[in-house]
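Content type compact mmCIF, C-alpha atoms, from the file my_file.txt:
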# COMPACT_ATOMS: atom_id res chain seq x y z
CA MET A 181 0.00 0.00 0.00
CA ASN A 182 2.82 2.36 0.80
CA GLN A 183 4.24 1.79 -2.66
CA HIS A 184 1.48 3.98 -4.11
CA VAL A 185 2.41 7.08 -2.10
CA PRO A 186 5.60 8.00 -4.01
CA VAL A 187 3.71 7.61 -7.30
CA LEU A 188 0.95 9.98 -6.18
CA ASP A 189 3.46 12.47 -4.80
CA GLY A 190 5.50 12.19 -7.97
CA ASP A 191 2.46 12.80 -10.14
CA ARG A 192 1.49 15.86 -8.13
CA LEU A 193 4.94 17.26 -8.77
CA ALA A 194 4.78 16.12 -12.39
CA LYS A 195 1.47 17.92 -12.89
CA ARG A 196 2.91 21.09 -11.40
CA ASN A 197 6.04 20.84 -13.57
CA ALA A 198 3.99 20.07 -16.68
CA LEU A 199 1.91 23.22 -16.14
CA VAL A 200 5.07 25.27 -15.60
CA LEU A 201 6.66 23.87 -18.76
CA ALA A 202 3.44 24.42 -20.74
CA GLY A 203 3.65 28.10 -19.84
CA ALA A 204 7.33 28.19 -20.77
CA GLN A 205 6.52 26.45 -24.07
CA ALA A 206 3.86 29.05 -24.85
CA LEU A 207 6.48 31.79 -24.61
CA GLY A 208 9.60 29.96 -25.82
CA GLY A 209 7.73 28.29 -28.67
CA ALA A 210 6.80 31.73 -30.00
CA ASN A 211 10.52 32.29 -30.69
CA PRO A 212 10.70 30.26 -33.95
CA ALA A 213 7.18 31.29 -35.00
CA ILE A 214 8.22 34.97 -35.05
CA ILE A 215 11.44 34.33 -36.95
CA VAL A 216 9.76 32.05 -39.49
CA SER A 217 7.04 34.66 -40.05
CA LEU A 218 9.47 37.54 -40.55
CA GLY A 219 12.93 36.11 -41.22
CA GLY A 220 12.60 35.83 -44.97
CA ILE A 221 10.68 39.09 -45.33
CA VAL A 222 13.22 41.08 -43.31
CA GLY A 223 16.09 39.26 -45.00
CA ALA A 224 14.76 40.34 -48.40
CA GLN A 225 14.86 43.97 -47.19
CA LEU A 226 18.43 43.73 -45.93
CA VAL A 227 20.20 41.84 -48.69
CA ALA A 228 20.51 42.67 -52.38
CA ASP A 229 20.48 39.08 -53.65
CA LYS A 230 17.04 37.70 -52.73
CA ALA A 231 18.42 34.15 -52.94
CA PHE A 232 19.92 34.80 -49.49
CA ALA A 233 16.73 36.19 -48.00
CA THR A 234 15.86 33.02 -46.08
CA VAL A 235 19.35 32.61 -44.58
CA PRO A 236 18.17 34.09 -41.23
CA VAL A 237 15.49 31.39 -40.94
CA SER A 238 18.03 28.74 -41.92
CA LEU A 239 20.41 29.99 -39.24
CA LEU A 240 17.62 29.61 -36.68
CA GLN A 241 17.39 25.93 -37.57
CA LEU A 242 21.18 25.61 -37.64
CA GLY A 243 21.31 27.15 -34.17
CA ILE A 244 18.86 24.55 -32.89
CA ALA A 245 20.92 21.72 -34.43
CA THR A 246 24.16 23.17 -33.08
CA GLY A 247 22.78 23.72 -29.60
CA VAL A 248 21.06 20.37 -28.95
CA ILE A 249 24.12 18.58 -27.55
CA PRO A 250 25.62 21.59 -25.65
CA ALA A 251 22.20 22.30 -24.09
CA ALA A 252 22.00 18.70 -22.88
CA MET A 253 25.51 18.99 -21.40
CA VAL A 254 24.61 22.22 -19.58
CA MET A 255 21.48 20.70 -18.10
CA ARG A 256 23.29 17.52 -17.12
CA ARG A 257 25.82 19.60 -15.21
CA LEU A 258 23.62 22.36 -13.77
CA GLY A 259 20.13 20.85 -13.82
CA ARG A 260 17.13 21.58 -16.02
CA ARG A 261 15.95 24.72 -14.22
CA SER A 262 19.35 26.43 -14.39
CA GLY A 263 19.74 25.34 -17.99
CA TYR A 264 16.37 26.76 -18.96
CA LEU A 265 17.15 30.05 -17.20
CA ILE A 266 20.39 30.28 -19.20
CA GLY A 267 18.50 29.39 -22.37
CA ALA A 268 15.92 32.14 -21.82
CA LEU A 269 18.71 34.70 -21.32
CA ILE A 270 20.28 33.50 -24.56
CA GLY A 271 16.90 33.94 -26.25
CA ALA A 272 16.55 37.52 -25.02
CA ALA A 273 20.09 38.29 -26.21
CA GLY A 274 19.44 36.75 -29.64
CA ALA A 275 16.22 38.71 -30.11
CA SER A 276 18.02 41.92 -29.15
CA LEU A 277 20.72 41.22 -31.72
CA ALA A 278 18.08 40.56 -34.38
CA ALA A 279 16.26 43.80 -33.53
CA GLY A 280 19.59 45.66 -33.71
CA GLY A 281 20.28 44.15 -37.13
CA VAL A 282 16.92 45.41 -38.38
CA ALA A 283 17.37 48.90 -36.87
CA LEU A 284 20.94 49.27 -38.21
CA GLN A 285 20.14 47.61 -41.56
CA LEU A 286 22.93 45.06 -40.98
CA PHE A 287 22.15 41.69 -42.51
CA TRP A 288 25.01 39.91 -40.74
CA LEU A 289 23.88 41.16 -37.33
CA PHE A 290 20.31 40.08 -38.02
CA CYS A 291 21.59 36.63 -39.03
CA LEU A 292 23.69 36.40 -35.86
CA GLY A 293 20.61 37.21 -33.83
CA THR A 294 18.49 34.47 -35.44
CA PHE A 295 21.30 31.94 -34.95
CA VAL A 296 21.48 32.80 -31.24
CA CYS A 297 17.69 32.48 -31.06
CA GLY A 298 18.18 28.98 -32.46
CA LEU A 299 20.46 28.17 -29.54
CA TYR A 300 17.58 29.19 -27.26
CA GLY A 301 15.34 26.90 -29.28
CA SER A 302 17.60 23.94 -28.51
CA PHE A 303 16.69 24.35 -24.82
CA VAL A 304 12.98 24.75 -25.58
CA GLN A 305 13.06 21.50 -27.60
CA SER A 306 13.63 19.51 -24.40
CA TYR A 307 10.65 20.88 -22.44
CA ARG A 308 8.57 17.85 -23.42
CA PHE A 309 11.22 15.49 -22.04
CA ALA A 310 11.54 17.50 -18.82
CA ALA A 311 7.78 17.15 -18.27
CA ALA A 312 8.25 13.38 -18.01
CA ASP A 313 11.17 13.51 -15.57
CA THR A 314 9.03 13.38 -12.40
CA ALA A 315 6.02 11.56 -13.89
CA SER A 316 4.95 7.99 -13.32
CA ASP A 317 4.81 5.78 -16.41
CA GLY A 318 1.05 6.18 -16.56
CA PHE A 319 1.16 9.98 -16.46
CA LYS A 320 4.08 10.58 -18.85
CA PRO A 321 1.97 10.76 -22.04
CA ARG A 322 -0.41 13.24 -20.41
CA ALA A 323 2.49 15.33 -19.08
CA ILE A 324 3.92 15.62 -22.58
CA SER A 325 0.46 16.47 -23.95
CA TRP A 326 0.11 19.29 -21.43
CA VAL A 327 3.35 20.81 -22.73
CA MET A 328 1.95 20.52 -26.26
CA ILE A 329 -0.89 22.79 -25.15
CA GLY A 330 1.82 25.39 -24.66
CA GLY A 331 2.86 24.75 -28.25
CA LEU A 332 -0.65 25.56 -29.39
CA ALA A 333 -0.53 28.82 -27.40
CA ALA A 334 2.84 29.62 -28.95
CA GLY A 335 1.28 29.25 -32.38
CA ILE A 336 -1.03 32.11 -31.48
CA ILE A 337 1.30 34.28 -29.39
CA GLY A 338 4.13 34.38 -31.95
CA PRO A 339 2.19 35.48 -35.05
CA GLN A 340 -0.04 37.79 -33.01
CA SER A 341 3.07 39.46 -31.60
CA VAL A 342 4.15 40.14 -35.18
CA TYR A 343 0.69 41.38 -36.11
CA TRP A 344 0.44 43.91 -33.26
CA THR A 345 4.05 45.17 -33.20
CA ARG A 346 5.12 45.21 -36.85
CA ASP A 347 4.36 48.93 -37.29
CA LEU A 348 5.46 50.24 -33.87
CA THR A 349 8.86 51.35 -35.22
CA PRO A 350 8.20 52.99 -38.63
CA SER A 351 11.87 53.90 -39.14
CA ALA A 352 12.88 50.24 -38.62
CA PRO A 353 10.00 48.01 -39.75
CA PHE A 354 9.58 44.85 -37.67
CA ALA A 355 12.31 45.73 -35.16
CA ALA A 356 9.63 45.98 -32.46
CA SER A 357 8.51 42.43 -33.27
CA PHE A 358 11.93 41.10 -32.35
CA LEU A 359 11.99 43.24 -29.21
CA ALA A 360 8.66 41.60 -28.32
CA GLN A 361 10.30 38.24 -28.94
CA GLY A 362 13.02 39.14 -26.43
CA LEU A 363 10.40 40.24 -23.91
CA LEU A 364 8.68 36.85 -24.22
CA ALA A 365 12.00 35.14 -23.44
CA LEU A 366 12.45 37.34 -20.35
CA LEU A 367 8.92 36.52 -19.21
CA ALA A 368 9.78 32.84 -19.58
CA ILE A 369 12.49 33.29 -16.93
CA GLY A 370 9.84 33.94 -14.30
CA ILE A 371 8.02 30.77 -15.33
CA VAL A 372 10.92 28.30 -15.60
CA SER A 373 12.26 29.52 -12.25
CA GLN A 374 9.23 27.73 -10.74
CA LEU A 375 10.33 24.37 -12.15
CA ARG A 376 11.18 21.70 -9.58
CA ALA A 377 13.06 19.18 -11.64
CA PRO A 378 15.37 16.42 -10.37
CA PRO A 379 19.01 16.29 -11.48
CA VAL A 380 19.43 15.07 -15.04
CA ALA A 381 20.73 11.52 -14.94
CA THR A 382 24.17 10.97 -16.40
CA ALA A 383 24.14 8.45 -19.21
CA ARG A 384 26.38 5.45 -18.90
CA SER A 385 29.37 5.77 -21.18
CA GLY A 386 30.06 2.95 -23.57
CA GLY A 387 26.65 1.33 -23.04
CA GLY A 388 25.24 -0.80 -25.84
CA ARG A 389 26.42 -1.20 -29.39
CA PRO A 390 28.60 1.33 -31.24
CA LEU A 391 26.55 4.14 -32.77
CA GLY A 392 27.81 3.34 -36.26
CA GLU A 393 26.50 -0.20 -35.99
CA ILE A 394 23.07 1.03 -34.93
CA MET A 395 22.92 3.62 -37.69
CA ARG A 396 23.74 1.00 -40.34
CA GLN A 397 20.58 -0.94 -39.56
CA PRO A 398 18.13 -0.87 -42.49
CA LYS A 399 15.37 -0.16 -39.98
CA PHE A 400 17.19 2.90 -38.66
CA ILE A 401 17.97 4.17 -42.16
CA ALA A 402 14.34 3.88 -43.27
CA SER A 403 13.03 5.53 -40.11
CA VAL A 404 15.44 8.44 -40.20
CA ILE A 405 14.84 9.09 -43.90
CA ALA A 406 11.11 9.37 -43.21
CA SER A 407 11.81 11.70 -40.30
CA LEU A 408 14.19 13.85 -42.36
CA VAL A 409 11.69 14.16 -45.20
CA ALA A 410 8.75 14.99 -42.91
CA TYR A 411 10.60 17.67 -40.97
CA GLY A 412 12.85 18.90 -43.78
CA LEU A 413 10.02 19.45 -46.28
CA MET A 414 7.90 21.14 -43.63
CA SER A 415 10.72 23.60 -42.97
CA PHE A 416 11.46 24.01 -46.69
CA VAL A 417 7.91 24.99 -47.66
CA MET A 418 7.17 26.91 -44.44
CA THR A 419 10.28 29.07 -44.91
CA ALA A 420 9.33 30.01 -48.46
CA ALA A 421 5.58 30.51 -47.88
CA PRO A 422 5.62 33.95 -46.14
CA MET A 423 7.92 35.41 -48.81
CA ALA A 424 5.79 33.91 -51.58
CA MET A 425 2.62 35.37 -50.05
CA VAL A 426 4.10 38.87 -49.88
CA ALA A 427 5.45 38.51 -53.44
CA CYS A 428 1.92 37.62 -54.58
CA GLY A 429 0.57 40.86 -53.12
CA HIS A 430 -0.74 39.54 -49.81
CA SER A 431 -0.03 41.42 -46.59
CA VAL A 432 2.54 40.60 -43.92
CA GLY A 433 -0.40 40.15 -41.55
CA ASP A 434 -1.86 37.48 -43.84
CA ALA A 435 1.52 35.74 -43.96
CA ALA A 436 1.83 35.81 -40.16
CA LEU A 437 -1.68 34.42 -39.75
CA GLY A 438 -0.81 31.68 -42.24
CA ILE A 439 2.12 30.67 -40.04
CA GLN A 440 -0.21 30.77 -37.03
CA TRP A 441 -2.61 28.29 -38.65
CA HIS A 442 0.37 26.18 -39.68
CA VAL A 443 1.77 25.98 -36.14
CA LEU A 444 -1.67 25.16 -34.72
CA ALA A 445 -1.97 22.33 -37.25
CA MET A 446 1.49 21.10 -36.25
CA PHE A 447 0.70 20.76 -32.56
CA GLY A 448 -3.08 20.37 -32.41
CA PRO A 449 -3.30 16.68 -33.42
CA SER A 450 -0.67 15.68 -30.84
CA PHE A 451 -3.39 14.87 -28.32
CA PHE A 452 -4.62 11.94 -30.41
CA THR A 453 -1.70 11.07 -32.72
CA GLY A 454 -0.38 8.57 -30.18
CA ARG A 455 -3.75 6.82 -30.06
CA LEU A 456 -3.88 6.68 -33.85
CA ILE A 457 -0.40 5.14 -33.91
CA ALA A 458 -1.47 2.54 -31.33
CA ARG A 459 -4.52 1.64 -33.42
CA PHE A 460 -3.22 1.78 -36.99
CA GLY A 461 0.54 1.35 -36.60
CA LYS A 462 3.59 3.57 -36.85
CA GLY A 463 4.20 2.99 -40.54
CA THR A 464 0.60 3.75 -41.52
CA ILE A 465 0.47 7.06 -39.64
CA THR A 466 3.92 8.03 -40.98
CA SER A 467 2.72 7.33 -44.52
CA ILE A 468 -0.46 9.37 -43.99
CA GLY A 469 1.69 12.28 -42.82
CA LEU A 470 3.88 12.06 -45.92
CA VAL A 471 0.79 11.96 -48.18
CA LEU A 472 -0.62 15.05 -46.43
CA THR A 473 2.69 16.83 -47.09
CA ALA A 474 2.37 15.99 -50.79
CA LEU A 475 -1.26 17.14 -50.73
CA ALA A 476 -0.12 20.50 -49.34
CA ALA A 477 2.11 20.89 -52.40
CA VAL A 478 -0.82 20.02 -54.67
CA VAL A 479 -2.88 22.80 -53.06
CA GLY A 480 0.06 25.19 -53.42
CA LEU A 481 0.18 24.46 -57.16
CA THR A 482 -3.54 25.04 -57.74
CA GLY A 483 -3.77 28.72 -56.78
CA LEU A 484 -2.18 31.80 -55.23
CA SER A 485 -5.02 33.17 -53.13
CA VAL A 486 -4.73 33.63 -49.36
CA GLY A 487 -7.00 30.62 -48.96
CA HIS A 488 -4.70 28.43 -51.06
CA PHE A 489 -1.65 29.45 -49.03
CA TRP A 490 -3.41 28.95 -45.70
CA LEU A 491 -4.83 25.55 -46.66
CA ALA A 492 -1.43 24.44 -47.92
CA LEU A 493 0.20 25.51 -44.64
CA ILE A 494 -2.47 23.73 -42.59
CA LEU A 495 -2.01 20.49 -44.54
CA LEU A 496 1.74 20.92 -44.19
CA GLY A 497 1.38 21.20 -40.41
CA LEU A 498 -0.83 18.12 -40.21
CA GLY A 499 1.60 16.22 -42.42
CA TRP A 500 4.48 17.16 -40.14
CA ASN A 501 2.60 15.99 -37.05
CA PHE A 502 1.71 12.56 -38.40
CA GLY A 503 4.90 12.08 -40.41
CA PHE A 504 7.43 13.25 -37.85
CA ILE A 505 5.80 11.72 -34.76
CA GLY A 506 5.22 8.44 -36.60
CA ALA A 507 8.80 8.35 -37.89
CA THR A 508 10.14 9.19 -34.43
CA ALA A 509 8.16 6.26 -33.03
CA LEU A 510 9.72 4.05 -35.72
CA VAL A 511 13.20 5.14 -34.61
CA THR A 512 12.48 3.95 -31.06
CA ASP A 513 12.38 0.38 -32.40
CA CYS A 514 16.02 0.64 -33.41
CA TYR A 515 17.80 0.84 -30.06
CA ARG A 516 18.07 -0.85 -26.69
CA PRO A 517 17.39 1.05 -23.44
CA GLU A 518 21.09 1.63 -22.74
CA GLU A 519 21.55 3.06 -26.26
CA ARG A 520 18.66 5.55 -26.01
CA VAL A 521 20.60 8.75 -25.22
CA LYS A 522 23.18 8.55 -27.99
CA VAL A 523 20.73 7.36 -30.66
CA GLN A 524 18.22 10.11 -29.85
CA ALA A 525 20.99 12.71 -29.94
CA ALA A 526 22.18 11.40 -33.32
CA ASN A 527 18.62 11.42 -34.65
CA ASP A 528 17.97 15.01 -33.50
CA PHE A 529 21.24 16.22 -34.98
CA LEU A 530 20.42 14.62 -38.35
CA VAL A 531 16.88 15.98 -38.34
CA PHE A 532 17.69 19.57 -37.42
CA GLY A 533 20.74 19.55 -39.65
CA SER A 534 18.50 18.58 -42.58
CA VAL A 535 16.01 21.26 -41.57
CA ALA A 536 18.76 23.86 -41.75
CA ILE A 537 19.82 22.66 -45.21
CA ALA A 538 16.19 22.75 -46.39
CA SER A 539 15.79 26.30 -45.12
CA PHE A 540 19.00 27.43 -46.80
CA SER A 541 17.83 26.10 -50.16
CA ALA A 542 14.29 27.51 -49.94
CA GLY A 543 15.23 31.12 -50.56
CA GLY A 544 17.36 30.43 -53.60
CA LEU A 545 14.78 28.15 -55.18
CA LEU A 546 11.95 30.61 -54.52
CA SER A 547 14.01 33.48 -55.95
CA HIS A 548 14.99 31.68 -59.14
CA GLY A 549 12.16 29.22 -59.71
CA GLY A 550 9.15 30.72 -57.96
CA TRP A 551 6.55 29.24 -55.63
CA ASP A 552 5.66 26.48 -58.09
CA SER A 553 9.20 25.10 -58.06
CA VAL A 554 9.13 24.92 -54.27
CA ASN A 555 5.99 22.79 -54.42
CA TRP A 556 7.15 20.55 -57.26
CA LEU A 557 10.29 19.67 -55.31
CA VAL A 558 8.17 18.16 -52.53
CA PHE A 559 7.10 15.08 -54.49
CA PRO A 560 10.41 13.18 -55.09
CA PRO A 561 11.48 13.10 -51.42
CA VAL A 562 7.97 12.07 -50.35
CA ALA A 563 7.99 9.24 -52.89
CA ILE A 564 11.37 8.02 -51.62
CA ALA A 565 10.28 8.18 -47.99
CA LEU A 566 7.02 6.34 -48.72
CA ALA A 567 8.97 3.63 -50.52
CA MET A 568 11.36 3.28 -47.56
CA VAL A 569 8.50 3.03 -45.06
CA ALA A 570 6.77 0.41 -47.22
CA TRP A 571 10.03 -1.52 -47.52
CA GLN A 572 10.46 -1.31 -43.75
CA ARG A 573 7.01 -2.80 -43.19
CA LEU A 574 7.81 -5.68 -45.54
CA GLN A 575 10.98 -6.39 -43.55
CA ARG A 576 9.11 -6.89 -40.27
CA PRO A 577 8.15 -10.53 -40.79
CA ALA A 578 11.70 -11.39 -41.74
CA ALA A 579 13.10 -9.43 -38.78
CA ALA A 580 10.70 -11.21 -36.41

Could you write out this file's structure as structure tokens?
Amino acid sequence: MNQHVPVLDGDRLAKRNALVLAGAQALGGANPAIIVSLGGIVGAQLVADKAFATVPVSLLQLGIATGVIPAAMVMRRLGRRSGYLIGALIGAAGASLAAGGVALQLFWLFCLGTFVCGLYGSFVQSYRFAAADTASDGFKPRAISWVMIGGLAAGIIGPQSVYWTRDLTPSAPFAASFLAQGLLALLAIGIVSQLRAPPVATARSGGGRPLGEIMRQPKFIASVIASLVAYGLMSFVMTAAPMAMVACGHSVGDAALGIQWHVLAMFGPSFFTGRLIARFGKGTITSIGLVLTALAAVVGLTGLSVGHFWLALILLGLGWNFGFIGATALVTDCYRPEERVKVQAANDFLVFGSVAIASFSAGGLLSHGGWDSVNWLVFPPVAIALAMVAWQRLQRPAAA
């Protein structure tokens, strides 16, 4: 009977921490939403060659990829709460640099700011894992879902911040939006300071098989390719969409609202995606996500109205949710418990590295080939990923 007391106490703490982290996610998750909404638009104003306009957004993704492992090391040494406080300060500094780049018309300074904001994003990425630290096995899925509610709020707070602040500094358009981004990071400090997280466990060194051996598994290769395609294409199209909307004569406000609907579609289904995976299987849900991504490109090719852009971005968000979460679940079949830390780190590095590459290429392709070329390029990677997932499913009987 006494065995149940620690679980109840732990879940009370887990519920408290999950609520704290949901609030932090609502503010920290607005960080990439603001940069994605404005990065390409501001970049086009600051650089002569429009092919480089999306570099600031790409550097955000590169910052996330670069910061994943250092952020984990900081939190392992200092604890999650101290790490998140440091991350929020980094976020405020990055937003200030970005605002300074806009005000001074310095493209390199603006790019530096978005890269530093990406480092902040690498801390925010782990909020969902921190929510499970103090939770019992039965409450862990709910704890993660609560943090996802913060992601939904971030999808509103970020674009709305752009909408209400974009004209506050007429001499430096959009500089106030990045100052608002920095203010959100500072507000997050007050929230994450309430976190009561246990010390981050130190992973055993040398546990399990060598990483190279794990990564050579056909199952791992197929799973990671699906994950790369789902996340990479989402970033590729999402980065280009705001610039394409403005180029088609739509307002910055319409572009920001499009990103808002996109982010809501990314996080909204998370409450039931796990149940769908349990019922229909990881491969099926991953494949549905990839098909939705291709369908978004079809919509993008059929018209240039605000409605077409918004519907394409919504389908893109849904495709990311099913495709990326399903592919991530597939990856978990590839490692043993003692190999979890290093395989997850390798997976995240590959994913966010590919996202950065996709973002870098989006601006050049949009500048030289137009919005249609961005959408046409979606289909080959989706076809390859679908083939790999199908091949993986055929391998299961043999593997068993």

Distance atom CA of A:Gly259-atom CA of A:Asp528, one decimal place?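 Interatomic distance here is 20.6 Å.
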
Go through A:Ser431, A:Ser467, A:Thr234, A:Gln340 one by one, measure the shortest atom-to-atom distance of each to A:Trp571 using all atoms listed in the file, and give the residue with the smallest value.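 Ranking A:Ser431, A:Ser467, A:Thr234, A:Gln340 by distance to A:Trp571, first place goes to A:Ser467.
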
Within 10 Å of A:Val486, counting all atoms listed in the file, which residues show up once you throw out same-chain ones fewer than 5 positions away? Write them as a list in words, please. Met425, Cys428, Gly429, His430, Ser431, Asp434, Ala435, Gly438, Leu491 and Ala492 of chain A

Would you kindly identify which residues have an atom no farther than 10 Å from (3.9, 10.9, -40.6), using only C-alpha atoms and the file's own coordinates, and write them out as JSON, numbers by chain? {"A": [406, 407, 409, 410, 411, 453, 457, 462, 463, 464, 465, 466, 467, 468, 469, 470, 471, 472, 473, 498, 499, 500, 501, 502, 503, 504, 505, 506, 507, 508, 509, 566]}

Which residue out of A:Val342, A:Ala198, A:Ala355, A:Leu348 has the minimum interatomic distance to A:Gly293 when only C-alpha atoms are used?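 Selected residue with least distance to A:Gly293: A:Ala355.
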
What gap, in Å, lies between atom CA of A:Arg192 and atom CA of A:Trp326?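 Distance reported for this atom pair: 13.8 Å.
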
Work out how far apart atom CA of A:His548 and atom CA of A:Gly412 are and give it in Å to one decimal. 20.1 Å

Contact residues around stretch 275-280 of chain A with all atoms listed in the file at 6 Å, ignoring same-chain residues under 2 positions, as an MDAnalysis selection string: chainID A and resid 272:273 282:284 290 293 355 358 362

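Remark: for A:Leu199, the closest of the candidate residues A:Ala352, A:Leu375, A:Val432, A:Ile270 is A:Leu375 (distances computed over all atoms listed in the file).
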
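Ranking A:Ala334, A:Leu366, A:Ile537, A:Ile215 by their shortest atom-to-atom distance to A:Leu269, with only C-alpha atoms included, puts A:Leu366 first.
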
Across A:Ser403, A:Gly448, A:Trp288, A:Gly544, the smallest distance to A:Ala565, with only C-alpha atoms counted, is shown by A:Ser403

Looking at all atoms listed in the file, which of A:Ile369, A:Ala377, A:Val235, A:Arg389 is the one that sits closest to A:Arg256? A:Ala377

So that I can check the surroundings of A:Tyr343, please list as JSON, numbers by chain every protein, DNA and RNA residue that reaches within 10 Å of it, counting all atoms listed in the file and ignoring chain neighbours fewer than 6 positions away. {"A": [214, 337, 354, 357, 432, 433, 434, 435, 436, 437]}

Would you list the contacts of A:Leu239 as a list in words, taking every protein, DNA or RNA residue within 8 Å and counting all atoms listed in the file, but skipping same-chain residues closer than 6 positions in sequence? Cys291, Leu292, Thr294, Phe295, Gly298 and Ala536 of chain A
